[in-house]
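Pasted below: coords_28.txt, compact mmCIF, C-alpha atoms.
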# COMPACT_ATOMS: atom_id res chain seq x y z
CA MET A 1 29.35 -1.53 46.60
CA LYS A 2 32.53 -0.75 44.64
CA ASP A 3 31.61 -3.32 41.99
CA TYR A 4 28.22 -1.67 41.57
CA LYS A 5 29.91 1.74 41.27
CA TYR A 6 32.38 0.51 38.64
CA ARG A 7 29.61 -1.34 36.79
CA SER A 8 27.69 1.94 36.57
CA TYR A 9 30.74 3.71 35.12
CA ILE A 10 31.27 0.91 32.61
CA CYS A 11 27.62 1.12 31.49
CA TRP A 12 27.89 4.87 31.02
CA GLY A 13 31.15 4.44 29.09
CA VAL A 14 29.69 1.82 26.78
CA THR A 15 26.63 4.00 26.19
CA ALA A 16 28.85 7.00 25.36
CA LEU A 17 30.94 4.94 22.93
CA ALA A 18 27.79 3.59 21.28
CA VAL A 19 26.39 7.12 20.85
CA ILE A 20 29.70 8.35 19.38
CA ALA A 21 29.92 5.36 17.02
CA LEU A 22 26.34 5.85 15.84
CA SER A 23 26.96 9.59 15.34
CA ILE A 24 30.06 8.87 13.24
CA ALA A 25 28.16 6.27 11.21
CA PHE A 26 25.28 8.69 10.64
CA ALA A 27 27.66 11.47 9.58
CA PHE A 28 29.39 9.07 7.19
CA PHE A 29 26.01 8.07 5.81
CA LEU A 30 25.06 11.70 5.15
CA SER A 31 28.43 12.54 3.55
CA ARG A 32 28.27 9.48 1.29
CA PHE A 33 24.54 9.53 0.74
CA GLU A 34 24.67 9.14 -3.06
CA SER A 35 27.16 6.27 -2.83
CA VAL A 36 25.11 4.54 -0.16
CA LYS A 37 21.94 5.11 -2.18
CA GLY A 38 23.59 3.64 -5.28
CA THR A 39 24.82 0.61 -3.34
CA VAL A 40 21.38 0.01 -1.84
CA HIS A 41 19.78 0.37 -5.29
CA LEU A 42 22.24 -2.19 -6.72
CA ILE A 43 21.54 -4.66 -3.90
CA VAL A 44 17.77 -4.21 -4.31
CA GLU A 45 18.08 -4.73 -8.08
CA ILE A 46 20.06 -7.94 -7.56
CA LEU A 47 17.59 -9.22 -4.96
CA MET A 48 14.51 -8.13 -6.92
CA PRO A 49 13.45 -11.74 -7.72
CA VAL A 50 13.65 -12.57 -4.02
CA ILE A 51 11.59 -9.46 -3.21
CA TYR A 52 9.00 -10.46 -5.81
CA GLY A 53 8.83 -13.95 -4.34
CA ALA A 54 8.53 -12.70 -0.75
CA VAL A 55 5.71 -10.30 -1.66
CA LEU A 56 3.84 -12.98 -3.62
CA ALA A 57 4.29 -15.47 -0.79
CA TYR A 58 2.94 -12.99 1.73
CA LEU A 59 -0.10 -12.21 -0.43
CA LEU A 60 -0.81 -15.89 -1.11
CA LEU A 61 -0.25 -16.95 2.49
CA PRO A 62 -3.99 -17.08 3.37
CA VAL A 63 -4.71 -19.25 0.30
CA TYR A 64 -1.81 -21.59 1.11
CA ASN A 65 -2.63 -21.93 4.80
CA LYS A 66 -6.35 -22.48 4.22
CA THR A 67 -5.76 -25.11 1.53
CA ARG A 68 -3.12 -26.90 3.61
CA ASP A 69 -5.36 -27.05 6.70
CA ILE A 70 -8.39 -28.33 4.75
CA CYS A 71 -6.30 -30.92 2.97
CA ALA A 72 -4.70 -32.06 6.25
CA ARG A 73 -8.13 -32.56 7.87
CA LEU A 74 -9.33 -34.64 4.92
CA LEU A 75 -6.15 -36.75 4.73
CA ASN A 76 -6.08 -37.51 8.46
CA ALA A 77 -9.01 -39.87 7.90
CA VAL A 78 -7.08 -41.75 5.17
CA PHE A 79 -3.42 -41.75 6.24
CA HIS A 80 -2.07 -42.59 9.68
CA SER A 81 1.37 -41.14 9.03
CA LYS A 82 1.56 -37.49 10.04
CA LYS A 83 4.61 -37.00 7.85
CA ALA A 84 2.73 -38.20 4.77
CA VAL A 85 -0.25 -35.97 5.59
CA ARG A 86 2.03 -32.97 6.05
CA SER A 87 3.92 -33.59 2.80
CA ILE A 88 0.81 -34.16 0.67
CA SER A 89 -0.94 -31.15 2.22
CA ARG A 90 2.01 -28.90 1.39
CA VAL A 91 2.15 -30.14 -2.19
CA VAL A 92 -1.58 -29.61 -2.72
CA ALA A 93 -1.47 -26.16 -1.07
CA THR A 94 1.47 -25.16 -3.29
CA ILE A 95 -0.30 -26.31 -6.47
CA VAL A 96 -3.52 -24.50 -5.49
CA SER A 97 -1.57 -21.30 -4.70
CA LEU A 98 0.20 -21.43 -8.09
CA ILE A 99 -3.07 -22.05 -9.94
CA PHE A 100 -4.71 -19.19 -8.03
CA LEU A 101 -1.84 -16.85 -8.95
CA PHE A 102 -1.75 -17.81 -12.63
CA VAL A 103 -5.54 -17.62 -13.05
CA ILE A 104 -5.63 -14.11 -11.60
CA VAL A 105 -2.64 -12.84 -13.59
CA ILE A 106 -3.59 -14.41 -16.92
CA GLY A 107 -7.25 -13.48 -16.48
CA LEU A 108 -6.48 -9.85 -15.69
CA PHE A 109 -3.99 -9.46 -18.52
CA SER A 110 -6.19 -11.17 -21.10
CA MET A 111 -9.18 -9.00 -20.18
CA ILE A 112 -7.59 -5.67 -19.28
CA ILE A 113 -4.62 -5.10 -21.60
CA PRO A 114 -6.53 -5.41 -24.94
CA GLU A 115 -9.41 -3.33 -23.55
CA ILE A 116 -7.07 -0.60 -22.30
CA TYR A 117 -5.29 -0.43 -25.66
CA THR A 118 -8.62 -0.34 -27.53
CA SER A 119 -9.94 2.37 -25.20
CA ILE A 120 -6.87 4.56 -25.63
CA MET A 121 -6.94 4.20 -29.41
CA GLY A 122 -10.67 4.96 -29.38
CA ILE A 123 -10.07 8.08 -27.31
CA GLN A 124 -7.41 9.22 -29.78
CA ASP A 125 -9.62 8.55 -32.83
CA ASN A 126 -12.67 10.35 -31.42
CA PHE A 127 -10.82 13.06 -29.57
CA GLY A 128 -11.43 15.84 -32.08
CA GLU A 129 -15.15 15.14 -32.32
CA ASN A 130 -15.51 14.94 -28.53
CA ILE A 131 -13.68 18.24 -28.09
CA ASN A 132 -16.01 19.96 -30.56
CA ASN A 133 -19.08 18.53 -28.81
CA ILE A 134 -17.88 19.84 -25.45
CA ALA A 135 -17.16 23.25 -27.00
CA LEU A 136 -20.68 23.41 -28.46
CA GLY A 137 -22.11 22.37 -25.12
CA LEU A 138 -20.20 25.14 -23.35
CA GLN A 139 -21.42 27.69 -25.88
CA LYS A 140 -25.03 26.66 -25.23
CA VAL A 141 -24.52 26.88 -21.48
CA PHE A 142 -22.95 30.34 -21.59
CA GLN A 143 -24.97 31.81 -24.47
CA ASP A 144 -26.88 34.02 -22.03
CA ASN A 145 -23.61 35.40 -20.65
CA PRO A 146 -21.44 36.53 -23.61
CA SER A 147 -18.72 38.11 -21.47
CA PHE A 148 -18.20 34.89 -19.52
CA GLU A 149 -18.27 32.89 -22.75
CA LYS A 150 -15.52 35.08 -24.26
CA PHE A 151 -13.37 34.28 -21.23
CA ILE A 152 -14.05 30.53 -20.99
CA ILE A 153 -14.06 29.40 -24.64
CA PRO A 154 -10.52 30.65 -25.56
CA VAL A 155 -9.04 29.03 -22.45
CA TYR A 156 -10.85 25.80 -23.24
CA ASP A 157 -9.69 25.88 -26.90
CA GLN A 158 -6.09 26.41 -25.80
CA VAL A 159 -6.15 23.55 -23.28
CA ALA A 160 -7.92 21.22 -25.70
CA GLY A 161 -5.44 22.02 -28.46
CA ARG A 162 -2.46 21.24 -26.26
CA LEU A 163 -4.06 18.03 -25.06
CA GLN A 164 -4.91 16.90 -28.57
CA ASN A 165 -1.38 17.71 -29.74
CA TRP A 166 0.06 15.67 -26.84
CA MET A 167 -2.11 12.67 -27.65
CA THR A 168 -1.31 12.68 -31.36
CA THR A 169 2.41 13.48 -31.12
CA ASP A 170 3.45 11.89 -27.84
CA LEU A 171 1.02 9.32 -26.42
CA VAL A 172 0.24 7.10 -29.39
CA PRO A 173 3.74 7.21 -30.95
CA ASN A 174 5.27 6.42 -27.57
CA MET A 175 2.90 3.49 -27.14
CA SER A 176 3.97 2.18 -30.55
CA SER A 177 7.65 2.64 -29.74
CA LEU A 178 7.13 1.00 -26.35
CA ILE A 179 5.49 -2.01 -27.94
CA GLY A 180 8.23 -2.11 -30.58
CA SER A 181 11.00 -1.93 -27.98
CA LEU A 182 9.36 -4.70 -25.97
CA SER A 183 9.15 -6.91 -29.04
CA SER A 184 12.67 -6.15 -30.27
CA GLY A 185 14.43 -5.83 -26.93
CA LEU A 186 14.87 -9.55 -26.35
CA LEU A 187 17.33 -9.05 -23.52
CA SER A 188 14.94 -6.89 -21.50
CA VAL A 189 12.12 -9.39 -21.98
CA VAL A 190 14.39 -12.24 -20.91
CA LEU A 191 15.49 -10.32 -17.78
CA VAL A 192 11.91 -9.52 -16.78
CA PHE A 193 10.85 -13.11 -17.40
CA LYS A 194 13.83 -14.32 -15.38
CA ASN A 195 12.89 -12.13 -12.40
CA ILE A 196 9.27 -13.27 -12.55
CA LEU A 197 10.20 -16.94 -12.92
CA ILE A 198 12.74 -16.86 -10.08
CA GLY A 199 10.26 -14.87 -8.00
CA VAL A 200 7.63 -17.60 -8.39
CA ILE A 201 10.21 -20.26 -7.45
CA VAL A 202 11.23 -18.20 -4.39
CA MET A 203 7.56 -17.85 -3.49
CA VAL A 204 7.12 -21.64 -3.52
CA TYR A 205 10.18 -22.11 -1.31
CA ILE A 206 9.10 -19.45 1.18
CA LEU A 207 5.58 -20.84 1.46
CA ASN A 208 6.93 -24.31 2.26
CA ILE A 209 9.76 -23.34 4.64
CA LYS A 210 8.13 -20.38 6.39
CA GLU A 211 7.87 -22.32 9.66
CA THR A 212 11.59 -23.15 9.49
CA LEU A 213 12.49 -19.54 8.67
CA SER A 214 10.35 -18.37 11.60
CA ALA A 215 12.04 -20.85 13.95
CA GLN A 216 15.51 -19.78 12.78
CA GLY A 217 14.60 -16.13 13.32
CA LYS A 218 13.42 -16.84 16.86
CA LYS A 219 16.61 -18.82 17.51
CA ILE A 220 18.76 -15.87 16.45
CA ILE A 221 16.75 -13.37 18.52
CA TYR A 222 16.94 -15.50 21.68
CA SER A 223 20.69 -15.97 21.14
CA ILE A 224 21.35 -12.22 20.96
CA PHE A 225 18.94 -10.67 23.49
CA SER A 226 17.77 -11.51 26.97
CA ILE A 227 14.67 -13.68 27.25
CA LYS A 228 12.48 -10.72 28.26
CA THR A 229 13.71 -8.53 25.38
CA ALA A 230 13.46 -11.42 22.91
CA ASN A 231 9.86 -12.13 23.96
CA GLN A 232 9.00 -8.47 23.43
CA ALA A 233 10.72 -8.43 20.03
CA ILE A 234 8.87 -11.55 18.85
CA GLU A 235 5.57 -10.11 20.08
CA GLU A 236 6.28 -6.94 18.11
CA VAL A 237 6.92 -9.00 14.97
CA ARG A 238 3.59 -10.78 15.49
CA PHE A 239 1.89 -7.41 15.87
CA VAL A 240 3.49 -6.15 12.64
CA HIS A 241 2.28 -9.30 10.85
CA ARG A 242 -1.27 -8.84 12.17
CA VAL A 243 -1.38 -5.20 11.09
CA PHE A 244 0.18 -5.68 7.65
CA GLY A 245 -1.60 -8.94 6.90
CA GLY A 246 -4.99 -7.67 8.00
CA PHE A 247 -4.69 -4.33 6.24
CA ILE A 248 -3.09 -5.33 2.92
CA THR A 249 -5.14 -8.45 2.25
CA GLY A 250 -8.29 -6.69 3.43
CA LYS A 251 -7.58 -3.63 1.29
CA LEU A 252 -6.93 -5.79 -1.79
CA LEU A 253 -10.22 -7.62 -1.27
CA ASP A 254 -12.01 -4.33 -0.69
CA SER A 255 -10.55 -2.81 -3.87
CA LEU A 256 -11.45 -5.92 -5.90
CA ILE A 257 -15.06 -5.71 -4.74
CA ILE A 258 -15.18 -1.97 -5.50
CA GLY A 259 -13.74 -2.56 -8.98
CA ILE A 260 -16.31 -5.27 -9.74
CA MET A 261 -19.18 -3.15 -8.41
CA CYS A 262 -17.95 -0.21 -10.49
CA PHE A 263 -17.82 -2.38 -13.62
CA VAL A 264 -21.32 -3.81 -13.13
CA LEU A 265 -23.00 -0.50 -12.23
CA LEU A 266 -21.23 1.54 -14.94
CA ASN A 267 -22.33 -1.07 -17.49
CA ALA A 268 -25.89 -0.67 -16.27
CA MET A 269 -25.54 3.11 -16.59
CA LYS A 270 -24.26 2.76 -20.20
CA MET A 271 -21.06 4.63 -19.41
CA PRO A 272 -18.14 4.71 -21.88
CA TYR A 273 -14.78 3.02 -21.22
CA VAL A 274 -16.34 0.86 -18.49
CA LEU A 275 -13.50 -1.64 -18.06
CA LEU A 276 -10.75 0.98 -18.22
CA VAL A 277 -12.50 3.21 -15.67
CA SER A 278 -13.25 0.25 -13.39
CA VAL A 279 -9.59 -0.79 -13.41
CA ILE A 280 -8.49 2.76 -12.58
CA VAL A 281 -11.01 3.03 -9.73
CA GLY A 282 -10.19 -0.42 -8.35
CA VAL A 283 -6.40 0.00 -8.46
CA THR A 284 -6.33 3.49 -6.96
CA ASN A 285 -8.78 2.41 -4.25
CA VAL A 286 -5.88 0.45 -2.71
CA ILE A 287 -4.48 3.83 -1.61
CA PRO A 288 -6.30 4.98 1.54
CA PHE A 289 -7.83 8.45 1.74
CA PHE A 290 -6.45 9.84 -1.57
CA GLY A 291 -7.22 6.78 -3.70
CA PRO A 292 -10.83 7.69 -4.61
CA PHE A 293 -9.79 11.19 -5.72
CA ILE A 294 -6.79 9.93 -7.69
CA GLY A 295 -8.95 7.44 -9.56
CA ALA A 296 -11.94 9.73 -10.08
CA VAL A 297 -10.08 12.59 -11.79
CA PRO A 298 -8.71 10.76 -14.89
CA SER A 299 -11.84 8.61 -15.13
CA ALA A 300 -14.11 11.66 -15.06
CA PHE A 301 -11.98 13.34 -17.73
CA LEU A 302 -12.28 10.31 -20.03
CA ILE A 303 -16.06 10.31 -19.66
CA LEU A 304 -16.17 14.11 -20.08
CA LEU A 305 -14.68 13.71 -23.56
CA VAL A 306 -17.75 11.69 -24.53
CA SER A 307 -20.54 13.37 -22.56
CA PRO A 308 -20.45 16.11 -19.90
CA VAL A 309 -23.81 14.90 -18.55
CA LYS A 310 -22.51 11.35 -18.10
CA CYS A 311 -19.42 12.81 -16.45
CA LEU A 312 -21.65 14.51 -13.88
CA TYR A 313 -23.53 11.25 -13.29
CA PHE A 314 -20.21 9.44 -12.92
CA LEU A 315 -18.96 11.89 -10.29
CA ILE A 316 -22.17 11.46 -8.29
CA PHE A 317 -21.84 7.68 -8.65
CA ILE A 318 -18.21 7.70 -7.46
CA LEU A 319 -19.16 9.86 -4.48
CA LEU A 320 -21.90 7.39 -3.47
CA LEU A 321 -19.64 4.38 -4.13
CA GLN A 322 -16.84 5.75 -1.97
CA GLN A 323 -19.29 6.61 0.80
CA PHE A 324 -20.45 3.01 0.69
CA ASP A 325 -16.85 1.79 0.74
CA GLY A 326 -15.72 4.13 3.51
CA ASN A 327 -18.69 3.65 5.84
CA ILE A 328 -19.95 0.12 5.16
CA LEU A 329 -17.73 -2.15 3.05
CA GLY A 330 -14.31 -0.96 4.25
CA PRO A 331 -15.02 -1.18 8.00
CA LYS A 332 -16.74 -4.55 7.46
CA ILE A 333 -13.66 -6.04 5.78
CA LEU A 334 -10.83 -4.18 7.51
CA GLY A 335 -12.42 -3.62 10.91
CA ASP A 336 -10.00 -1.80 13.21
CA SER A 337 -6.89 -3.43 11.74
CA THR A 338 -4.67 -0.38 12.27
CA GLY A 339 -6.28 1.64 15.07
CA LEU A 340 -4.78 4.78 13.53
CA PRO A 341 -6.60 8.14 13.90
CA SER A 342 -7.67 9.87 10.68
CA PHE A 343 -5.10 12.67 10.94
CA TRP A 344 -2.21 10.21 11.18
CA VAL A 345 -3.60 8.29 8.20
CA LEU A 346 -3.34 11.49 6.16
CA PHE A 347 0.09 12.30 7.60
CA SER A 348 1.49 8.83 6.90
CA ILE A 349 0.25 8.79 3.29
CA LEU A 350 1.79 12.20 2.58
CA LEU A 351 5.09 11.23 4.22
CA PHE A 352 5.56 7.75 2.77
CA GLY A 353 4.08 8.75 -0.59
CA GLY A 354 6.64 11.56 -0.87
CA LEU A 355 9.48 9.21 0.10
CA PHE A 356 8.58 6.02 -1.78
CA GLY A 357 5.93 6.98 -4.33
CA PHE A 358 2.97 4.73 -5.12
CA VAL A 359 4.28 1.78 -3.08
CA GLY A 360 4.85 4.11 -0.13
CA MET A 361 1.24 5.28 -0.24
CA ILE A 362 0.06 1.65 -0.07
CA ILE A 363 2.25 0.61 2.87
CA ALA A 364 2.02 3.98 4.66
CA VAL A 365 -0.94 3.22 6.92
CA PRO A 366 0.15 -0.18 8.31
CA THR A 367 3.78 0.98 8.67
CA PHE A 368 2.85 4.12 10.56
CA ALA A 369 0.30 2.15 12.60
CA VAL A 370 3.16 -0.02 13.88
CA ILE A 371 5.31 3.04 14.65
CA TYR A 372 2.36 4.76 16.36
CA SER A 373 1.65 1.67 18.47
CA VAL A 374 5.29 1.27 19.54
CA ILE A 375 5.55 4.95 20.55
CA THR A 376 2.23 4.74 22.42
CA ARG A 377 3.36 1.72 24.42
CA MET A 378 6.72 3.35 25.23
CA VAL A 379 4.99 6.52 26.44
CA ASN A 380 2.46 4.56 28.52
CA ARG A 381 5.22 2.43 30.05
CA SER A 382 7.17 5.54 31.04
CA LEU A 383 4.06 7.21 32.51
CA SER A 384 3.23 4.06 34.47
CA LYS A 385 6.69 4.04 36.04
CA LYS A 386 6.11 7.63 37.15
CA ASP A 387 2.63 6.71 38.44
CA LEU A 388 0.95 9.19 36.08
CA SER A 389 -2.36 8.90 34.24
CA LEU A 390 -2.42 7.17 30.87
CA LYS A 391 -5.65 8.90 29.76
CA THR A 392 -5.18 11.67 27.19
CA GLU A 393 -8.26 13.44 28.57
CA ASP A 394 -6.42 14.11 31.84
CA TYR A 395 -3.86 16.24 29.98
CA LEU A 396 -6.38 18.48 28.23
CA LYS A 397 -5.90 22.09 29.36
CA LEU A 398 -3.25 20.87 31.80
CA ASP A 399 -1.09 23.57 33.35
CA ARG A 400 1.28 21.49 35.47
CA ILE A 401 1.44 18.47 37.76
CA GLU A 402 2.30 18.86 41.43
CA GLU A 403 5.48 16.87 42.07
CA GLU A 404 4.68 15.61 45.57
CA LYS A 405 0.97 14.79 45.34
CA LYS A 406 0.99 14.35 41.54
CA THR A 407 -2.27 16.25 41.26
CA TYR A 408 -3.26 17.69 37.88
CA MET A 409 -3.46 21.52 37.96
CA ARG A 410 -5.65 23.24 35.39
Exercise: express the given structure as structure tokens:
Amino acid sequence: MKDYKYRSYICWGVTALAVIALSIAFAFFLSRFESVKGTVHLIVEILMPVIYGAVLAYLLLPVYNKTRDICARLLNAVFHSKKAVRSISRVVATIVSLIFLFVIVIGLFSMIIPEIYTSIMGIQDNFGENINNIALGLQKVFQDNPSFEKFIIPVYDQVAGRLQNWMTTDLVPNMSSLIGSLSSGLLSVVLVFKNILIGVIVMVYILNIKETLSAQGKKIIYSIFSIKTANQAIEEVRFVHRVFGGFITGKLLDSLIIGIMCFVLLNAMKMPYVLLVSVIVGVTNVIPFFGPFIGAVPSAFLILLVSPVKCLYFLIFILLLQQFDGNILGPKILGDSTGLPSFWVLFSILLFGGLFGFVGMIIAVPTFAVIYSVITRMVNRSLSKKDLSLKTEDYLKLDRIEEEKKTYMR
């Protein structure tokens, strides 16, 4: 009995020391926030090739696994040595993954970069004429309302003048200087190429030793925690992988399909800047909820410079396309990969987007889905121990719960 009593005191003491230590560490972190931030930024910059490689490996994991499995099934009929089958399958899967990566990257750059540059230069060359056409169109629309026309036209002229001045004095010269700095700044080009090259090498290593890395991670977890806690931790990691893998790969496929559909249909509609607009729509579609609006605004403005009527058609088209994506294509590809209610989708995008920018908006939904799931399970586990209902409906308009009978009073 005394041992149990002392053991309880020791547990409380260790808990108190841990809380104090964590509080001191947190206070130190806040007081040295800029130094810590700078150190973290330096470490991230040094490890950037490894980060590139890890991200590429994660994105190419389905291609690698599928190729390896197909190759292993075919080679099992030829070779009797499992080691030979495994080695050849890994080599073939690695080569296919590299070819897949290079085809996508080179294809996108060869198609998109020249078209984007041509589109921007075309916008700059025809900007004055397009502005005058829009002004004449506005005058025709408001010719029956002179007072409204006197209010709108000066505002439009002022905005158009500032925009034209920005394009002629800032955008195009900066593009030229950027291209010049990239061509003359040999060191920067070498550093970027080094990061990309090392990242691809890291990707190959990770794809081929991922089973070993997974086994080493499990070994460390089981060495630190109890078997029950370790099992829970490993199950949580599997859940994180399912959520992130299902959402990110599904969202990339969904955005690729939307970009291709946008390109084909805008071509059929004889819209201007088809490739540039399709790239904008496809890339921003990766961002849940806000992506369609972010992509539609600059695209609509580009088309407005050419034709206000086509701009209206484009907005209607984008609305229909996003309805198709949100109600048919997206659920078909993604399914219920996150299980996150709509409000928390919005909340997570605003939070992570404000903290980490564009990347934060992409990873917001799966990250918050994991946090939401962990909190839900913790709450349900605690309620189960207290023999209380797990259904949210039982707590609607709840006043209190009787302690003895545990009846719900409304």
Minimum-distance residue to A:Leu275, chosen among A:Leu390, A:Cys262, A:Ile349, A:Leu329 (using only C-alpha atoms):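 Nearest candidate to A:Leu275 out of A:Leu390, A:Cys262, A:Ile349, A:Leu329: A:Cys262.
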All residues 9 Å or closer to A:Trp344, only C-alpha atoms, same chain fewer than 6 positions away omitted, as a list in words: Val365, Phe368, Ala369 and Tyr372 of chain A
One-decimal distance in Å that lies between atom CA of A:Gly360 and atom CA of A:Glu211: 28.3 Å
Which residue of A:Thr94, A:Asn76, A:Thr367, A:Ser342 approaches A:Ile209 most closely, using all atoms listed in the file: A:Thr94
Gap from atom CA of A:Thr67 to atom CA of A:Val96 - Å, one decimal: 7.4 Å
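Take atom CA of A:Ala57 and atom CA of A:Met203: the distance between them is 4.9 Å.
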Which residue of A:Leu60, A:Ile363, A:Ile280, A:Ala77 approaches A:Ser348 most closely, using all atoms listed in the file: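 Going through A:Leu60, A:Ile363, A:Ile280, A:Ala77 one by one, the smallest distance to A:Ser348 is for A:Ile363.
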Nearest-residue call for A:Tyr58, choices A:Lys37, A:Lys228, A:His241, A:Arg32, using all atoms listed in the file: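 For A:Tyr58, the nearest of the given residues is A:His241.
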Residue among A:Met271, A:Ile260, A:Ile206, A:Ala84 lying closest to A:Leu304, counting all atoms listed in the file: A:Met271
Residue with smallest distance to A:Asn208 - pool A:His41, A:Phe263, A:Leu30, A:Arg90, counting all atoms listed in the file: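 Using all atoms listed in the file, A:Asn208 sits closest to A:Arg90.
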Box dimensions and centre (Å, one decimal) enclosing stretch 26-29 of chain A, axis-aligned, 8 Å extra per side, as JSON:
{"center_x": 27.3, "center_y": 9.8, "center_z": 8.2, "size_x": 20.1, "size_y": 19.4, "size_z": 20.8}
